[in-house]
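Structure file work_38.cif with mmCIF, C-alpha atoms:
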```cif
data_work
loop_
_atom_site.group_PDB
_atom_site.id
_atom_site.type_symbol
_atom_site.label_atom_id
_atom_site.label_comp_id
_atom_site.auth_asym_id
_atom_site.auth_seq_id
_atom_site.Cartn_x
_atom_site.Cartn_y
_atom_site.Cartn_z
ATOM 1 C CA MET A 1 -74.203 27.702 1.185
ATOM 2 C CA ALA A 2 -72.573 25.635 3.704
ATOM 3 C CA MET A 3 -68.846 25.675 4.091
ATOM 4 C CA THR A 4 -67.147 22.320 4.355
ATOM 5 C CA THR A 5 -63.864 21.957 6.083
ATOM 6 C CA HIS A 6 -61.616 19.082 5.317
ATOM 7 C CA GLY A 7 -60.044 17.757 8.436
ATOM 8 C CA ARG A 8 -57.185 15.371 8.882
ATOM 9 C CA ARG A 9 -59.232 12.260 8.385
ATOM 10 C CA GLY A 10 -60.803 12.753 5.083
ATOM 11 C CA GLY A 11 -59.275 15.172 2.650
ATOM 12 C CA ARG A 12 -59.602 15.589 -0.990
ATOM 13 C CA PHE A 13 -57.105 12.786 -1.651
ATOM 14 C CA GLY A 14 -58.238 10.421 1.060
ATOM 15 C CA PRO A 15 -56.911 9.756 4.496
ATOM 16 C CA ALA A 16 -53.291 10.698 5.287
ATOM 17 C CA LEU A 17 -50.822 7.835 5.299
ATOM 18 C CA SER A 18 -48.543 7.592 8.289
ATOM 19 C CA ASP A 19 -46.488 4.631 7.014
ATOM 20 C CA ILE A 20 -42.952 5.211 5.746
ATOM 21 C CA ASN A 21 -42.043 3.721 2.411
ATOM 22 C CA VAL A 22 -38.723 1.953 3.099
ATOM 23 C CA THR A 23 -38.089 0.637 -0.419
ATOM 24 C CA PRO A 24 -36.174 3.739 -1.608
ATOM 25 C CA LEU A 25 -34.204 3.734 1.642
ATOM 26 C CA VAL A 26 -33.178 0.091 1.149
ATOM 27 C CA ASP A 27 -32.207 0.842 -2.461
ATOM 28 C CA VAL A 28 -29.944 3.696 -1.393
ATOM 29 C CA ILE A 29 -28.352 1.615 1.372
ATOM 30 C CA LEU A 30 -27.608 -1.234 -1.037
ATOM 31 C CA VAL A 31 -26.044 1.130 -3.572
ATOM 32 C CA LEU A 32 -23.851 2.651 -0.857
ATOM 33 C CA LEU A 33 -22.847 -0.817 0.319
ATOM 34 C CA ILE A 34 -21.767 -1.789 -3.178
ATOM 35 C CA ILE A 35 -19.810 1.459 -3.588
ATOM 36 C CA PHE A 36 -17.959 0.916 -0.299
ATOM 37 C CA MET A 37 -17.249 -2.718 -1.144
ATOM 38 C CA VAL A 38 -15.679 -1.690 -4.453
ATOM 39 C CA THR A 39 -13.661 1.244 -3.114
ATOM 40 C CA ALA A 40 -12.443 -0.307 0.167
ATOM 41 C CA PRO A 41 -9.623 -2.343 -1.411
ATOM 42 C CA MET A 42 -8.388 0.789 -3.190
ATOM 43 C CA MET A 43 -8.112 2.666 0.088
ATOM 44 C CA THR A 44 -5.747 0.129 1.686
ATOM 45 C CA ARG A 45 -3.109 0.473 -0.986
ATOM 46 C CA GLY A 46 0.478 0.762 0.192
ATOM 47 C CA ILE A 47 3.439 2.708 -1.120
ATOM 48 C CA ASP A 48 4.209 2.352 -4.828
ATOM 49 C CA VAL A 49 7.649 0.828 -5.175
ATOM 50 C CA ARG A 50 8.982 -0.946 -8.261
ATOM 51 C CA LEU A 51 11.072 -3.694 -6.702
ATOM 52 C CA PRO A 52 13.939 -5.347 -8.528
ATOM 53 C CA LYS A 53 13.018 -8.802 -9.822
ATOM 54 C CA THR A 54 14.731 -12.011 -8.734
ATOM 55 C CA GLU A 55 14.172 -15.679 -9.472
ATOM 56 C CA SER A 56 13.947 -16.844 -5.877
ATOM 57 C CA GLY A 57 11.469 -14.887 -3.832
ATOM 58 C CA THR A 58 9.406 -15.867 -0.828
ATOM 59 C CA ASP A 59 6.359 -14.159 0.597
ATOM 60 C CA SER A 60 5.823 -14.009 4.337
ATOM 61 C CA THR A 61 2.826 -12.594 6.200
ATOM 62 C CA GLU A 62 4.300 -12.412 9.692
ATOM 63 C CA GLN A 63 4.747 -9.191 11.630
ATOM 64 C CA ARG A 64 7.883 -7.394 10.534
ATOM 65 C CA LEU A 65 9.634 -4.065 10.422
ATOM 66 C CA VAL A 66 9.835 -2.693 6.902
ATOM 67 C CA VAL A 67 11.832 0.345 5.821
ATOM 68 C CA THR A 68 10.835 1.556 2.355
ATOM 69 C CA VAL A 69 12.541 4.035 0.021
ATOM 70 C CA ASP A 70 10.227 5.063 -2.819
ATOM 71 C CA ALA A 71 11.093 6.549 -6.204
ATOM 72 C CA ASP A 72 11.043 10.085 -4.735
ATOM 73 C CA THR A 73 13.593 8.894 -2.111
ATOM 74 C CA THR A 74 11.037 9.359 0.665
ATOM 75 C CA ILE A 75 11.714 6.994 3.558
ATOM 76 C CA TYR A 76 8.901 5.084 5.285
ATOM 77 C CA LEU A 77 8.910 2.913 8.398
ATOM 78 C CA ASN A 78 5.970 0.494 8.187
ATOM 79 C CA ASP A 79 4.109 2.749 5.696
ATOM 80 C CA ARG A 80 4.655 5.944 7.723
ATOM 81 C CA PRO A 81 6.953 8.661 6.380
ATOM 82 C CA VAL A 82 10.095 9.215 8.453
ATOM 83 C CA ASN A 83 12.830 11.816 8.215
ATOM 84 C CA MET A 84 16.257 10.322 7.451
ATOM 85 C CA HIS A 85 17.711 11.857 10.625
ATOM 86 C CA LEU A 86 14.943 10.376 12.810
ATOM 87 C CA LEU A 87 15.002 6.911 11.234
ATOM 88 C CA THR A 88 17.503 5.461 13.727
ATOM 89 C CA ASP A 89 15.561 6.635 16.782
ATOM 90 C CA ARG A 90 12.175 5.546 15.427
ATOM 91 C CA LEU A 91 13.557 2.180 14.376
ATOM 92 C CA LYS A 92 15.109 1.623 17.828
ATOM 93 C CA THR A 93 11.742 2.412 19.427
ATOM 94 C CA GLU A 94 9.873 0.023 17.122
ATOM 95 C CA MET A 95 12.432 -2.739 17.663
ATOM 96 C CA GLN A 96 12.073 -2.421 21.439
ATOM 97 C CA ARG A 97 8.287 -2.269 21.242
ATOM 98 C CA THR A 98 7.895 -5.306 18.972
ATOM 99 C CA GLY A 99 10.935 -7.306 20.084
ATOM 100 C CA LEU A 100 11.966 -7.807 16.451
ATOM 101 C CA ASP A 101 15.579 -7.397 15.371
ATOM 102 C CA PHE A 102 15.116 -8.305 11.714
ATOM 103 C CA VAL A 103 14.407 -5.374 9.384
ATOM 104 C CA PHE A 104 13.313 -5.619 5.762
ATOM 105 C CA LEU A 105 14.537 -2.932 3.355
ATOM 106 C CA ARG A 106 12.452 -2.201 0.263
ATOM 107 C CA ALA A 107 13.879 0.245 -2.244
ATOM 108 C CA ASP A 108 12.573 1.308 -5.629
ATOM 109 C CA GLN A 109 14.896 0.229 -8.418
ATOM 110 C CA SER A 110 15.284 3.834 -9.573
ATOM 111 C CA VAL A 111 16.684 5.008 -6.199
ATOM 112 C CA PRO A 112 20.434 5.697 -6.375
ATOM 113 C CA TYR A 113 22.600 3.048 -4.750
ATOM 114 C CA GLY A 114 24.202 5.598 -2.434
ATOM 115 C CA ARG A 115 20.841 6.602 -0.976
ATOM 116 C CA VAL A 116 19.969 2.967 -0.270
ATOM 117 C CA MET A 117 23.334 2.494 1.463
ATOM 118 C CA LEU A 118 22.711 5.572 3.650
ATOM 119 C CA VAL A 119 19.380 4.108 4.741
ATOM 120 C CA LEU A 120 21.031 0.723 5.345
ATOM 121 C CA ASP A 121 23.637 2.454 7.517
ATOM 122 C CA GLN A 122 20.875 4.083 9.597
ATOM 123 C CA ILE A 123 19.226 0.678 10.043
ATOM 124 C CA LYS A 124 22.516 -0.816 11.256
ATOM 125 C CA LYS A 125 23.009 2.119 13.662
ATOM 126 C CA ALA A 126 19.590 1.351 15.157
ATOM 127 C CA GLY A 127 20.908 -2.042 16.227
ATOM 128 C CA ALA A 128 19.353 -4.293 13.601
ATOM 129 C CA ASP A 129 21.742 -7.205 13.223
ATOM 130 C CA ARG A 130 19.871 -8.767 10.338
ATOM 131 C CA VAL A 131 18.573 -6.837 7.331
ATOM 132 C CA GLY A 132 16.695 -8.443 4.465
ATOM 133 C CA MET A 133 16.459 -6.886 1.028
ATOM 134 C CA VAL A 134 12.956 -7.236 -0.431
ATOM 135 C CA THR A 135 12.673 -8.064 -4.123
ATOM 136 C CA GLN A 136 9.859 -9.038 -6.434
ATOM 137 C CA SER A 137 10.020 -12.560 -7.799
ATOM 138 C CA SER A 138 9.860 -12.834 -11.559
ATOM 139 C CA ALA A 139 7.482 -15.286 -13.166
ATOM 140 C CA ARG A 140 9.936 -16.618 -15.729
ATOM 141 C CA PRO A 141 13.496 -17.787 -15.086
ATOM 142 C CA ALA A 142 16.367 -15.702 -16.358
ATOM 143 C CA ALA A 143 18.112 -16.821 -19.505
ATOM 144 C CA PRO A 144 21.422 -18.616 -18.936
ATOM 145 C CA PRO A 145 24.527 -16.579 -19.763
ATOM 146 C CA ARG A 146 25.725 -16.969 -23.319
ATOM 147 C CA SER A 147 29.141 -18.430 -23.775
ATOM 148 C CA GLY A 148 31.826 -16.022 -24.907
ATOM 149 C CA SER A 149 29.966 -12.871 -23.861
ATOM 150 C CA LYS A 150 31.397 -10.652 -21.156
ATOM 151 C CA GLY A 151 28.282 -8.601 -20.472
ATOM 152 C CA PRO A 152 24.705 -8.012 -21.491
ATOM 153 C CA PRO A 153 23.982 -7.794 -25.213
ATOM 154 C CA SER A 154 24.012 -4.337 -26.713
ATOM 155 C CA ARG A 155 20.427 -4.599 -27.970
ATOM 156 C CA ASP A 156 17.265 -6.408 -27.006
ATOM 157 C CA ARG A 157 16.555 -9.080 -29.630
ATOM 158 C CA SER A 158 12.819 -9.307 -28.816
ATOM 159 C CA THR A 159 12.072 -5.664 -29.590
ATOM 160 C CA GLY A 160 14.855 -4.968 -32.090
ATOM 161 C CA ARG A 161 16.237 -2.016 -30.122
#
```
Mind turning this structure into structure tokens?
Amino acid sequence: MAMTTHGRRGGRFGPALSDINVTPLVDVILVLLIIFMVTAPMMTRGIDVRLPKTESGTDSTEQRLVVTVDADTTIYLNDRPVNMHLLTDRLKTEMQRTGLDFVFLRADQSVPYGRVMLVLDQIKKAGADRVGMVTQSSARPAAPPRSGSKGPPSRDRSTGR
């Protein structure tokens, strides 16, 4: 009996293949690309603030300084959290760096008025001569005031409450 050895060239299943099958690799790359394309817009989300609604609102995309007070009364300067006591110094630094003297103030509608006024005072102390209050424009115009009424109606007619 002779013993046969199977070398590298001709084995039981044929010659060894040295080519890489790239089809599964391309499939995985395409799936990852789709996942990143879907999740990327979710990652660039800003601070959640429910702004008060107004009839006249304008959107502007220029560079600006924005101070935000969210529902938890956390203060942000351009989407970065800032301590209330450091707001004046940080705002002065940003105003000098950018050359802007106009500051936009965004505050959640559930934030107490006194807290918003404290933040506004810190903005004024930083040297901002002009402060704009950011609101969200409403899609429908407000109803005209009813004659003879001194205030808002006691119940909402659309829901019956």
Legend entry - Ground truth for the PyMOL selection byres ((chain A and resi 128) around 9), written as an MDAnalysis selection string: chainID A and resid 91:92 95 100:103 123:127 129:131
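CA of Ala71 (chain A) is positioned 7.7 Å from CA of Gln109 (chain A).
Relative to CA of Glu94 (chain A), CA of Pro112 (chain A) is found at 26.4 Å.
Minimum atom-to-atom distance to Ala107 (chain A), evaluated using all atoms listed in the file, belongs to A:Gln136 out of A:Thr88, A:Gln136, A:Asn83, A:Gln122.
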Legend entry - Distance in Å - CA of Val66 (chain A) versus CA of Asp79 (chain A):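 Value for the CA of Val66 (chain A)-CA of Asp79 (chain A) distance: 8.0 Å.
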Legend entry - Ground truth for the PyMOL selection byres ((chain A and resi 72) around 9), written as a list in words: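 Evaluating the PyMOL selection byres ((chain A and resi 72) around 9) on these coordinates yields Val69, Asp70, Ala71, Thr73, Thr74, Ile75, Asp108, Ser110 and Val111 of chain A.
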Legend entry - Given only C-alpha atoms as the counted atoms, nearest of A:Arg50, A:His85, A:Arg97, A:Arg12 to Val119 (chain A): A:His85
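Among the candidate residues A:Leu32, A:Val82, A:Leu105, A:Val67, the one lying nearest to Thr135 (chain A) is A:Leu105, with distances computed using all atoms listed in the file.
Checking A:Leu87, A:Leu30, A:Ala16, A:Met43 one by one against Asp121 (chain A), counting all atoms listed in the file, you find the shortest gap at A:Leu87.
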